[in-house]
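**Student:** Sharing structure_27.cif here; it has mmCIF, C-alpha atoms (C1' of nucleotides).
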```
data_upload
loop_
_atom_site.label_atom_id
_atom_site.label_comp_id
_atom_site.auth_asym_id
_atom_site.auth_seq_id
_atom_site.Cartn_x
_atom_site.Cartn_y
_atom_site.Cartn_z
CA MET A 1 26.07 -55.19 -11.40
CA LYS A 2 28.32 -58.23 -11.38
CA ILE A 3 28.53 -61.41 -9.32
CA ALA A 4 31.54 -63.72 -9.58
CA THR A 5 32.46 -67.17 -8.29
CA TRP A 6 35.99 -68.49 -7.85
CA ASN A 7 37.42 -71.60 -6.24
CA ILE A 8 40.76 -70.22 -5.06
CA ASN A 9 42.23 -73.43 -3.52
CA SER A 10 43.65 -71.84 -0.34
CA LEU A 11 42.98 -68.18 0.42
CA THR A 12 46.27 -68.06 2.34
CA VAL A 13 48.20 -68.67 -0.86
CA ARG A 14 45.84 -66.83 -3.22
CA LEU A 15 44.94 -63.64 -1.31
CA PRO A 16 47.30 -61.44 -3.36
CA GLN A 17 45.74 -62.82 -6.55
CA VAL A 18 42.22 -62.24 -5.24
CA LEU A 19 43.08 -58.63 -4.36
CA SER A 20 44.66 -57.92 -7.73
CA TRP A 21 41.78 -59.58 -9.55
CA LEU A 22 39.28 -57.45 -7.61
CA ALA A 23 41.26 -54.32 -8.39
CA ALA A 24 41.01 -55.14 -12.10
CA ASN A 25 37.46 -56.55 -11.83
CA PRO A 26 35.56 -54.50 -9.25
CA VAL A 27 32.58 -56.86 -9.08
CA ASP A 28 29.77 -56.21 -6.59
CA VAL A 29 29.92 -59.74 -5.19
CA LEU A 30 32.68 -62.38 -5.15
CA CYS A 31 31.92 -65.88 -3.93
CA LEU A 32 34.96 -67.93 -2.91
CA GLN A 33 35.34 -71.66 -2.34
CA GLU A 34 38.10 -73.78 -0.81
CA LEU A 35 39.36 -71.15 1.59
CA LYS A 36 41.20 -73.91 3.49
CA LEU A 37 41.41 -71.74 6.58
CA SER A 38 39.48 -71.23 9.82
CA ASP A 39 37.42 -68.07 10.43
CA ASP A 40 40.10 -66.58 12.72
CA LYS A 41 42.63 -66.75 9.89
CA PHE A 42 40.35 -65.01 7.36
CA PRO A 43 41.90 -61.76 5.97
CA LEU A 44 38.92 -59.54 6.92
CA LYS A 45 40.97 -56.36 7.12
CA GLU A 46 42.71 -56.71 3.77
CA LEU A 47 39.37 -57.28 2.03
CA GLN A 48 37.75 -54.42 3.96
CA ASP A 49 40.55 -52.13 2.73
CA ALA A 50 39.71 -53.32 -0.79
CA GLY A 51 36.10 -52.23 -0.21
CA TYR A 52 34.40 -55.52 0.60
CA HIS A 53 32.33 -56.89 3.47
CA SER A 54 32.85 -60.60 4.12
CA ALA A 55 30.48 -63.35 5.21
CA VAL A 56 32.72 -66.29 6.12
CA PHE A 57 32.20 -69.99 6.80
CA GLY A 58 35.73 -71.29 7.17
CA GLN A 59 37.27 -74.66 7.92
CA LYS A 60 40.83 -75.68 8.64
CA THR A 61 42.68 -77.55 5.84
CA TYR A 62 39.67 -78.37 3.66
CA ASN A 63 36.57 -76.67 2.26
CA GLY A 64 35.51 -73.24 3.51
CA VAL A 65 33.39 -70.67 1.64
CA ALA A 66 32.90 -66.91 1.77
CA ILE A 67 30.87 -64.17 0.12
CA LEU A 68 32.51 -60.78 -0.39
CA SER A 69 30.16 -57.90 -1.15
CA ARG A 70 30.14 -54.13 -1.58
CA THR A 71 27.09 -53.85 0.69
CA PRO A 72 26.83 -55.70 4.01
CA ALA A 73 25.20 -59.15 4.01
CA ARG A 74 21.94 -59.85 5.84
CA ASN A 75 20.34 -63.11 6.92
CA ILE A 76 23.58 -65.15 6.73
CA VAL A 77 23.05 -68.92 6.70
CA LYS A 78 25.81 -71.53 6.93
CA ASN A 79 25.13 -74.95 5.42
CA MET A 80 21.59 -76.15 4.78
CA ALA A 81 18.88 -76.33 7.40
CA GLY A 82 17.77 -79.95 7.61
CA PHE A 83 21.08 -81.35 6.37
CA THR A 84 23.71 -81.95 9.03
CA ASP A 85 27.22 -81.58 7.62
CA GLU A 86 30.60 -81.64 9.32
CA GLN A 87 32.09 -79.77 6.37
CA SER A 88 31.85 -76.03 5.59
CA ARG A 89 30.46 -76.14 2.08
CA LEU A 90 27.68 -73.60 1.75
CA ILE A 91 26.92 -70.03 2.74
CA ALA A 92 23.89 -67.92 1.82
CA VAL A 93 23.33 -64.18 2.22
CA THR A 94 20.80 -61.53 1.29
CA LEU A 95 22.25 -58.45 -0.37
CA ASP A 96 20.94 -55.05 -1.37
CA THR A 97 22.35 -54.61 -4.85
CA PRO A 98 21.87 -52.21 -7.77
CA ALA A 99 19.58 -54.95 -9.13
CA GLY A 100 17.48 -54.98 -5.96
CA GLU A 101 17.42 -57.48 -3.11
CA VAL A 102 19.18 -60.69 -4.14
CA ARG A 103 19.70 -63.95 -2.28
CA VAL A 104 23.20 -65.23 -3.08
CA ILE A 105 23.99 -68.87 -2.33
CA ASN A 106 27.59 -70.01 -2.61
CA GLY A 107 28.40 -73.74 -2.57
CA TYR A 108 31.51 -75.87 -2.66
CA PHE A 109 29.80 -79.03 -3.88
CA VAL A 110 31.20 -82.41 -2.91
CA ASN A 111 33.86 -83.81 -5.26
CA GLY A 112 32.73 -87.43 -4.94
CA GLN A 113 36.00 -89.15 -5.88
CA ALA A 114 34.54 -92.00 -7.95
CA PRO A 115 31.13 -93.53 -8.64
CA GLY A 116 30.39 -96.23 -6.08
CA SER A 117 32.66 -94.76 -3.40
CA GLU A 118 31.49 -93.55 0.01
CA LYS A 119 32.36 -90.02 -1.04
CA PHE A 120 30.12 -90.38 -4.09
CA GLU A 121 27.28 -91.43 -1.79
CA TYR A 122 27.93 -88.31 0.29
CA LYS A 123 27.84 -86.24 -2.91
CA MET A 124 24.43 -87.66 -3.85
CA LYS A 125 23.02 -87.05 -0.37
CA TRP A 126 24.43 -83.52 -0.33
CA LEU A 127 22.83 -82.77 -3.69
CA THR A 128 19.48 -84.13 -2.53
CA GLY A 129 19.75 -82.01 0.62
CA LEU A 130 20.54 -78.96 -1.48
CA ARG A 131 17.52 -79.41 -3.72
CA ASP A 132 15.14 -79.85 -0.77
CA TRP A 133 16.53 -76.81 1.02
CA LEU A 134 16.65 -74.68 -2.17
CA ARG A 135 12.95 -75.21 -2.78
CA THR A 136 12.23 -73.30 0.44
CA GLU A 137 14.86 -70.66 -0.26
CA LEU A 138 13.40 -69.97 -3.69
CA HIS A 139 9.98 -69.58 -2.16
CA GLN A 140 11.28 -66.97 0.26
CA HIS A 141 13.66 -65.25 -2.17
CA PRO A 142 12.46 -65.04 -5.79
CA ASN A 143 15.60 -63.08 -6.77
CA LEU A 144 18.12 -65.84 -6.21
CA VAL A 145 21.53 -66.80 -7.56
CA LEU A 146 23.19 -70.15 -6.87
CA VAL A 147 26.90 -70.14 -7.63
CA GLY A 148 29.95 -72.19 -6.88
CA ASP A 149 32.14 -75.14 -7.66
CA PHE A 150 29.48 -77.71 -8.56
CA ASN A 151 31.96 -80.45 -9.42
CA ILE A 152 29.58 -81.50 -12.21
CA THR A 153 29.90 -81.12 -15.97
CA VAL A 154 26.46 -80.38 -17.41
CA ASP A 155 26.95 -81.99 -20.84
CA ASP A 156 29.58 -83.02 -23.38
CA ARG A 157 30.46 -79.41 -24.19
CA ASP A 158 31.80 -79.04 -20.64
CA THR A 159 34.58 -81.61 -20.91
CA TYR A 160 37.74 -81.96 -22.98
CA ASP A 161 37.17 -85.70 -23.46
CA PRO A 162 33.47 -86.58 -23.47
CA GLU A 163 34.04 -90.11 -24.77
CA GLY A 164 37.03 -91.06 -22.64
CA LEU A 165 35.53 -89.63 -19.46
CA ARG A 166 31.98 -90.92 -19.94
CA GLU A 167 30.38 -91.96 -16.61
CA THR A 168 33.53 -91.08 -14.65
CA ILE A 169 33.42 -88.63 -11.74
CA HIS A 170 31.94 -85.22 -12.71
CA HIS A 171 30.46 -86.86 -15.80
CA THR A 172 28.02 -89.46 -14.48
CA THR A 173 24.35 -89.56 -15.42
CA GLU A 174 23.51 -89.49 -11.72
CA GLU A 175 25.38 -86.24 -11.11
CA ARG A 176 23.90 -84.63 -14.22
CA GLN A 177 20.40 -85.66 -13.14
CA HIS A 178 20.99 -83.82 -9.89
CA PHE A 179 22.03 -80.76 -11.87
CA LEU A 180 18.87 -81.02 -13.97
CA ALA A 181 16.82 -81.31 -10.78
CA LEU A 182 18.18 -77.90 -9.77
CA LEU A 183 17.07 -76.50 -13.14
CA ASP A 184 13.66 -78.06 -12.49
CA LEU A 185 13.31 -75.80 -9.47
CA GLY A 186 13.29 -72.89 -11.91
CA LEU A 187 16.99 -72.12 -12.19
CA THR A 188 18.90 -71.39 -15.41
CA ASP A 189 22.57 -71.99 -16.29
CA ALA A 190 23.53 -68.36 -17.00
CA PHE A 191 26.60 -69.34 -19.03
CA ARG A 192 24.49 -71.16 -21.63
CA MET A 193 22.09 -68.25 -22.06
CA PHE A 194 24.72 -66.79 -24.38
CA GLU A 195 26.91 -67.90 -27.25
CA GLN A 196 30.23 -69.00 -25.84
CA PRO A 197 33.62 -69.93 -27.25
CA GLU A 198 34.06 -73.64 -28.07
CA LYS A 199 35.80 -75.63 -25.35
CA SER A 200 35.12 -73.18 -22.54
CA TYR A 201 36.29 -74.57 -19.20
CA SER A 202 36.65 -73.29 -15.64
CA TRP A 203 39.12 -75.85 -14.26
CA TRP A 204 42.31 -77.47 -15.54
CA ASP A 205 44.46 -80.05 -13.76
CA TYR A 206 47.83 -78.81 -12.54
CA ARG A 207 49.46 -81.81 -14.18
CA GLU A 208 50.49 -82.61 -17.73
CA PHE A 209 50.27 -79.01 -18.98
CA ALA A 210 46.48 -79.36 -18.94
CA PHE A 211 45.86 -75.60 -19.17
CA ARG A 212 48.29 -75.12 -22.05
CA ARG A 213 46.59 -78.01 -23.88
CA ASN A 214 43.13 -76.78 -22.81
CA ARG A 215 42.27 -80.15 -21.28
CA GLY A 216 39.74 -78.80 -18.81
CA LEU A 217 36.24 -79.08 -17.41
CA ARG A 218 33.44 -76.57 -16.89
CA ILE A 219 32.38 -77.35 -13.34
CA ASP A 220 31.97 -73.86 -11.85
CA HIS A 221 28.49 -72.56 -12.49
CA ILE A 222 26.12 -69.65 -11.98
CA LEU A 223 22.40 -70.45 -11.83
CA VAL A 224 19.79 -67.71 -11.78
CA SER A 225 16.14 -67.83 -10.71
CA GLN A 226 13.29 -67.16 -13.12
CA ALA A 227 12.72 -63.68 -11.70
CA LEU A 228 16.36 -62.73 -12.31
CA LYS A 229 16.76 -64.41 -15.69
CA PRO A 230 15.46 -61.44 -17.74
CA LYS A 231 18.03 -59.21 -16.03
CA VAL A 232 21.07 -61.29 -17.03
CA THR A 233 23.09 -59.46 -19.71
CA SER A 234 26.24 -61.61 -19.85
CA CYS A 235 28.09 -64.53 -18.31
CA VAL A 236 31.78 -65.13 -18.96
CA ILE A 237 34.70 -67.22 -17.76
CA ASP A 238 37.85 -65.23 -17.04
CA LYS A 239 40.75 -67.53 -17.89
CA SER A 240 43.44 -64.95 -17.23
CA PRO A 241 44.20 -65.80 -13.55
CA ARG A 242 45.16 -69.34 -14.61
CA LYS A 243 48.24 -67.77 -16.23
CA ASN A 244 49.40 -66.30 -12.89
CA GLU A 245 52.31 -67.73 -10.98
CA ARG A 246 51.00 -70.27 -8.45
CA PRO A 247 47.49 -70.12 -9.90
CA SER A 248 44.39 -71.76 -8.53
CA ASP A 249 43.32 -74.69 -10.73
CA HIS A 250 39.93 -72.93 -11.12
CA VAL A 251 39.20 -69.53 -12.69
CA PRO A 252 36.42 -66.98 -12.01
CA VAL A 253 33.01 -67.06 -13.67
CA VAL A 254 31.24 -63.69 -13.80
CA VAL A 255 27.58 -62.89 -14.40
CA GLU A 256 26.24 -59.41 -15.13
CA LEU A 257 22.73 -58.36 -14.13
CA LEU A 258 20.82 -55.21 -15.08
"C1'" DA B 259 50.25 -96.21 -15.27
"C1'" DT B 260 45.81 -95.18 -8.83
"C1'" DG B 261 50.98 -91.43 -11.56
"C1'" DA B 262 51.48 -86.38 -12.78
"C1'" DC B 263 50.76 -81.15 -9.53
"C1'" DG B 264 49.72 -78.41 -5.67
"C1'" DG B 265 47.87 -77.37 -0.84
"C1'" DT B 266 47.80 -78.72 4.03
"C1'" DG B 267 49.46 -80.80 8.24
"C1'" DT B 268 53.37 -81.66 12.18
"C1'" DG B 269 55.62 -84.37 8.08
"C1'" DG B 270 60.42 -87.16 7.01
"C1'" DC B 271 55.38 -88.60 4.01
"C1'" DA B 272 49.95 -89.19 3.63
"C1'" DC B 273 45.66 -87.34 2.27
"C1'" DC B 274 42.79 -84.81 -0.77
"C1'" DG B 275 41.35 -82.52 -4.86
"C1'" DA B 276 38.99 -83.11 -9.96
#
```
Would you mind writing the structure in this file as structure tokens?

**Tutor:**
Amino acid sequence: MKIATWNINSLTVRLPQVLSWLAANPVDVLCLQELKLSDDKFPLKELQDAGYHSAVFGQKTYNGVAILSRTPARNIVKNMAGFTDEQSRLIAVTLDTPAGEVRVINGYFVNGQAPGSEKFEYKMKWLTGLRDWLRTELHQHPNLVLVGDFNITVDDRDTYDPEGLRETIHHTTEERQHFLALLDLGLTDAFRMFEQPEKSYSWWDYREFAFRRNRGLRIDHILVSQALKPKVTSCVIDKSPRKNERPSDHVPVVVELL
DNA sequence: ATGACGGTGTGGCACCGA
């Protein structure tokens, strides 16, 4: 059974690409970020026709997340209890999957703009809120997967220019410490459980032929709980949609569980 | 080089993303 995450940067523009990707990659669960549309504009019917239920937490213009699944979602939670947020950045569901009952948490983490900015402060607070809330979630749901656009590179392998970008946004020690704090809760970076190609990235800037030159970042992640870790059989990045016409700047990451 | 490229909004550009 497979779970995927994909920041699609506007579902309005990318719906045809999502549908064709699902047709070629019939995953059990697809977590989307940056819908950039309100709930009433969500293409429920089109995704239903493709065989997916949808749990949606939309927002006009910015943000917005959804979880598509073969089986209907239960216990849907939008944003984190105990952390008030104006922005639609997180949705959690419980799913009955071939691998048993799994809690799937899908986040569009804060970008943060630049260290020292107000948005960076918001990013740090959001990450602290996530960790506090996740502790409870993990207690209630041992089979848990946290996926999404983390907007954090984990280490130097995740960036095309580790020296030049040191301590810039997505590369700061502070952000990486927050990532490590999530691992401390008992989560594992599924991608690094396996040997991977050198210079594997999940995002490339639209500018300066960044994809062609493979100047990218790995900022989209899949974290699995300790109970699920033994069931993980693979984790891959699918670069192919970045070659589409009008692509998202991010590509899907897919984890397979027994 | 505070730009490039692309999405959104009610625009004649600004804001945001990463």

**Student:** Take atom CA of A:Pro115 and atom CA of A:Ile169 and report the distance between them in Å, one decimal.

**Tutor:**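 One can read the atom CA of A:Pro115 to atom CA of A:Ile169 distance as 6.2 Å.
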
**Student:** I'd like the residues picked by the PyMOL selection byres ((chain A) within 12 of (chain B)) written out as a ChimeraX atom specification, using the chain letters and numbers from the file.

**Tutor:** /A:7-14,34-37,59-63,109-114,119,149-153,159,168-171,202-210,216-220,246-250

**Student:** Residues of the last selection are to be written out with C-alpha atoms, as a PDB file, in the frame of the given file.

**Tutor:**
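What follows is the written file again.pdb:
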```
ATOM      1  CA  ASN A   7      37.420 -71.600  -6.240  1.00  0.00           C
ATOM      2  CA  ILE A   8      40.760 -70.220  -5.060  1.00  0.00           C
ATOM      3  CA  ASN A   9      42.230 -73.430  -3.520  1.00  0.00           C
ATOM      4  CA  SER A  10      43.650 -71.840  -0.340  1.00  0.00           C
ATOM      5  CA  LEU A  11      42.980 -68.180   0.420  1.00  0.00           C
ATOM      6  CA  THR A  12      46.270 -68.060   2.340  1.00  0.00           C
ATOM      7  CA  VAL A  13      48.200 -68.670  -0.860  1.00  0.00           C
ATOM      8  CA  ARG A  14      45.840 -66.830  -3.220  1.00  0.00           C
ATOM      9  CA  GLU A  34      38.100 -73.780  -0.810  1.00  0.00           C
ATOM     10  CA  LEU A  35      39.360 -71.150   1.590  1.00  0.00           C
ATOM     11  CA  LYS A  36      41.200 -73.910   3.490  1.00  0.00           C
ATOM     12  CA  LEU A  37      41.410 -71.740   6.580  1.00  0.00           C
ATOM     13  CA  GLN A  59      37.270 -74.660   7.920  1.00  0.00           C
ATOM     14  CA  LYS A  60      40.830 -75.680   8.640  1.00  0.00           C
ATOM     15  CA  THR A  61      42.680 -77.550   5.840  1.00  0.00           C
ATOM     16  CA  TYR A  62      39.670 -78.370   3.660  1.00  0.00           C
ATOM     17  CA  ASN A  63      36.570 -76.670   2.260  1.00  0.00           C
ATOM     18  CA  PHE A 109      29.800 -79.030  -3.880  1.00  0.00           C
ATOM     19  CA  VAL A 110      31.200 -82.410  -2.910  1.00  0.00           C
ATOM     20  CA  ASN A 111      33.860 -83.810  -5.260  1.00  0.00           C
ATOM     21  CA  GLY A 112      32.730 -87.430  -4.940  1.00  0.00           C
ATOM     22  CA  GLN A 113      36.000 -89.150  -5.880  1.00  0.00           C
ATOM     23  CA  ALA A 114      34.540 -92.000  -7.950  1.00  0.00           C
ATOM     24  CA  LYS A 119      32.360 -90.020  -1.040  1.00  0.00           C
ATOM     25  CA  ASP A 149      32.140 -75.140  -7.660  1.00  0.00           C
ATOM     26  CA  PHE A 150      29.480 -77.710  -8.560  1.00  0.00           C
ATOM     27  CA  ASN A 151      31.960 -80.450  -9.420  1.00  0.00           C
ATOM     28  CA  ILE A 152      29.580 -81.500 -12.210  1.00  0.00           C
ATOM     29  CA  THR A 153      29.900 -81.120 -15.970  1.00  0.00           C
ATOM     30  CA  THR A 159      34.580 -81.610 -20.910  1.00  0.00           C
ATOM     31  CA  THR A 168      33.530 -91.080 -14.650  1.00  0.00           C
ATOM     32  CA  ILE A 169      33.420 -88.630 -11.740  1.00  0.00           C
ATOM     33  CA  HIS A 170      31.940 -85.220 -12.710  1.00  0.00           C
ATOM     34  CA  HIS A 171      30.460 -86.860 -15.800  1.00  0.00           C
ATOM     35  CA  SER A 202      36.650 -73.290 -15.640  1.00  0.00           C
ATOM     36  CA  TRP A 203      39.120 -75.850 -14.260  1.00  0.00           C
ATOM     37  CA  TRP A 204      42.310 -77.470 -15.540  1.00  0.00           C
ATOM     38  CA  ASP A 205      44.460 -80.050 -13.760  1.00  0.00           C
ATOM     39  CA  TYR A 206      47.830 -78.810 -12.540  1.00  0.00           C
ATOM     40  CA  ARG A 207      49.460 -81.810 -14.180  1.00  0.00           C
ATOM     41  CA  GLU A 208      50.490 -82.610 -17.730  1.00  0.00           C
ATOM     42  CA  PHE A 209      50.270 -79.010 -18.980  1.00  0.00           C
ATOM     43  CA  ALA A 210      46.480 -79.360 -18.940  1.00  0.00           C
ATOM     44  CA  GLY A 216      39.740 -78.800 -18.810  1.00  0.00           C
ATOM     45  CA  LEU A 217      36.240 -79.080 -17.410  1.00  0.00           C
ATOM     46  CA  ARG A 218      33.440 -76.570 -16.890  1.00  0.00           C
ATOM     47  CA  ILE A 219      32.380 -77.350 -13.340  1.00  0.00           C
ATOM     48  CA  ASP A 220      31.970 -73.860 -11.850  1.00  0.00           C
ATOM     49  CA  ARG A 246      51.000 -70.270  -8.450  1.00  0.00           C
ATOM     50  CA  PRO A 247      47.490 -70.120  -9.900  1.00  0.00           C
ATOM     51  CA  SER A 248      44.390 -71.760  -8.530  1.00  0.00           C
ATOM     52  CA  ASP A 249      43.320 -74.690 -10.730  1.00  0.00           C
ATOM     53  CA  HIS A 250      39.930 -72.930 -11.120  1.00  0.00           C
TER      54      HIS A 250
END
```

**Student:** Would you please work out which residue, of A:Ile105, A:Leu32, A:Ala24, A:Ile3, is nearest to A:Gly58 when using only C-alpha atoms?

**Tutor:**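 For A:Gly58, the nearest of the candidates is A:Leu32.
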
**Student:** Kindly resolve the PyMOL selection byres ((chain A and resi 198) around 12) on the present coordinates and return the residues as a PyMOL selection string.

**Tutor:** chain A and resi 156-160+192+195-197+199-201+214+218

**Student:** For atom CA of A:Val18 and atom CA of A:Pro252, quote the distance in Å rounded to one decimal.

**Tutor:**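 Calculated distance between atom CA of A:Val18 and atom CA of A:Pro252 is 10.1 Å.
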
**Student:** To test your reading of the syntax: which residues would the PyMOL selection byres ((chain A and resi 221-229) around 8) return for the file shown? Reply as a short mmCIF file (atom, residue, chain, number, x, y, z; two decimals) with C-alpha atoms, keeping the file's coordinate frame.

**Tutor:**
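The result, written out as part23.cif:
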```cif
data_model
loop_
_atom_site.label_atom_id
_atom_site.label_comp_id
_atom_site.auth_asym_id
_atom_site.auth_seq_id
_atom_site.Cartn_x
_atom_site.Cartn_y
_atom_site.Cartn_z
CA THR A 5 32.46 -67.17 -8.29
CA LEU A 138 13.40 -69.97 -3.69
CA PRO A 142 12.46 -65.04 -5.79
CA ASN A 143 15.60 -63.08 -6.77
CA LEU A 144 18.12 -65.84 -6.21
CA VAL A 145 21.53 -66.80 -7.56
CA LEU A 146 23.19 -70.15 -6.87
CA VAL A 147 26.90 -70.14 -7.63
CA GLY A 148 29.95 -72.19 -6.88
CA ASP A 149 32.14 -75.14 -7.66
CA PHE A 150 29.48 -77.71 -8.56
CA GLY A 186 13.29 -72.89 -11.91
CA LEU A 187 16.99 -72.12 -12.19
CA THR A 188 18.90 -71.39 -15.41
CA ASP A 189 22.57 -71.99 -16.29
CA ALA A 190 23.53 -68.36 -17.00
CA PHE A 191 26.60 -69.34 -19.03
CA ARG A 218 33.44 -76.57 -16.89
CA ILE A 219 32.38 -77.35 -13.34
CA ASP A 220 31.97 -73.86 -11.85
CA PRO A 230 15.46 -61.44 -17.74
CA LYS A 231 18.03 -59.21 -16.03
CA VAL A 232 21.07 -61.29 -17.03
CA VAL A 253 33.01 -67.06 -13.67
CA VAL A 255 27.58 -62.89 -14.40
CA LEU A 257 22.73 -58.36 -14.13
#
```

**Student:** Quick one, how far is atom CA of A:Ala4 from atom CA of A:Arg131?

**Tutor:** 21.8 Å

**Student:** Around (30.1, -66.9, 3.9) in the file's own coordinates, what residues are found within 10 Å if you use only C-alpha atoms (C1' of nucleotides), given back as a list in words?

**Tutor:**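 In the file's frame, the residues around the point are Cys31, Leu32, Gln33, Asp39, Ser54, Ala55, Val56, Phe57, Gly58, Gly64, Val65, Ala66, Ile67, Leu68, Ala73, Ile76, Val77, Lys78, Asn79, Ser88, Arg89, Leu90, Ile91, Ala92, Val93, Val104, Ile105, Asn106 and Gly107 of chain A.
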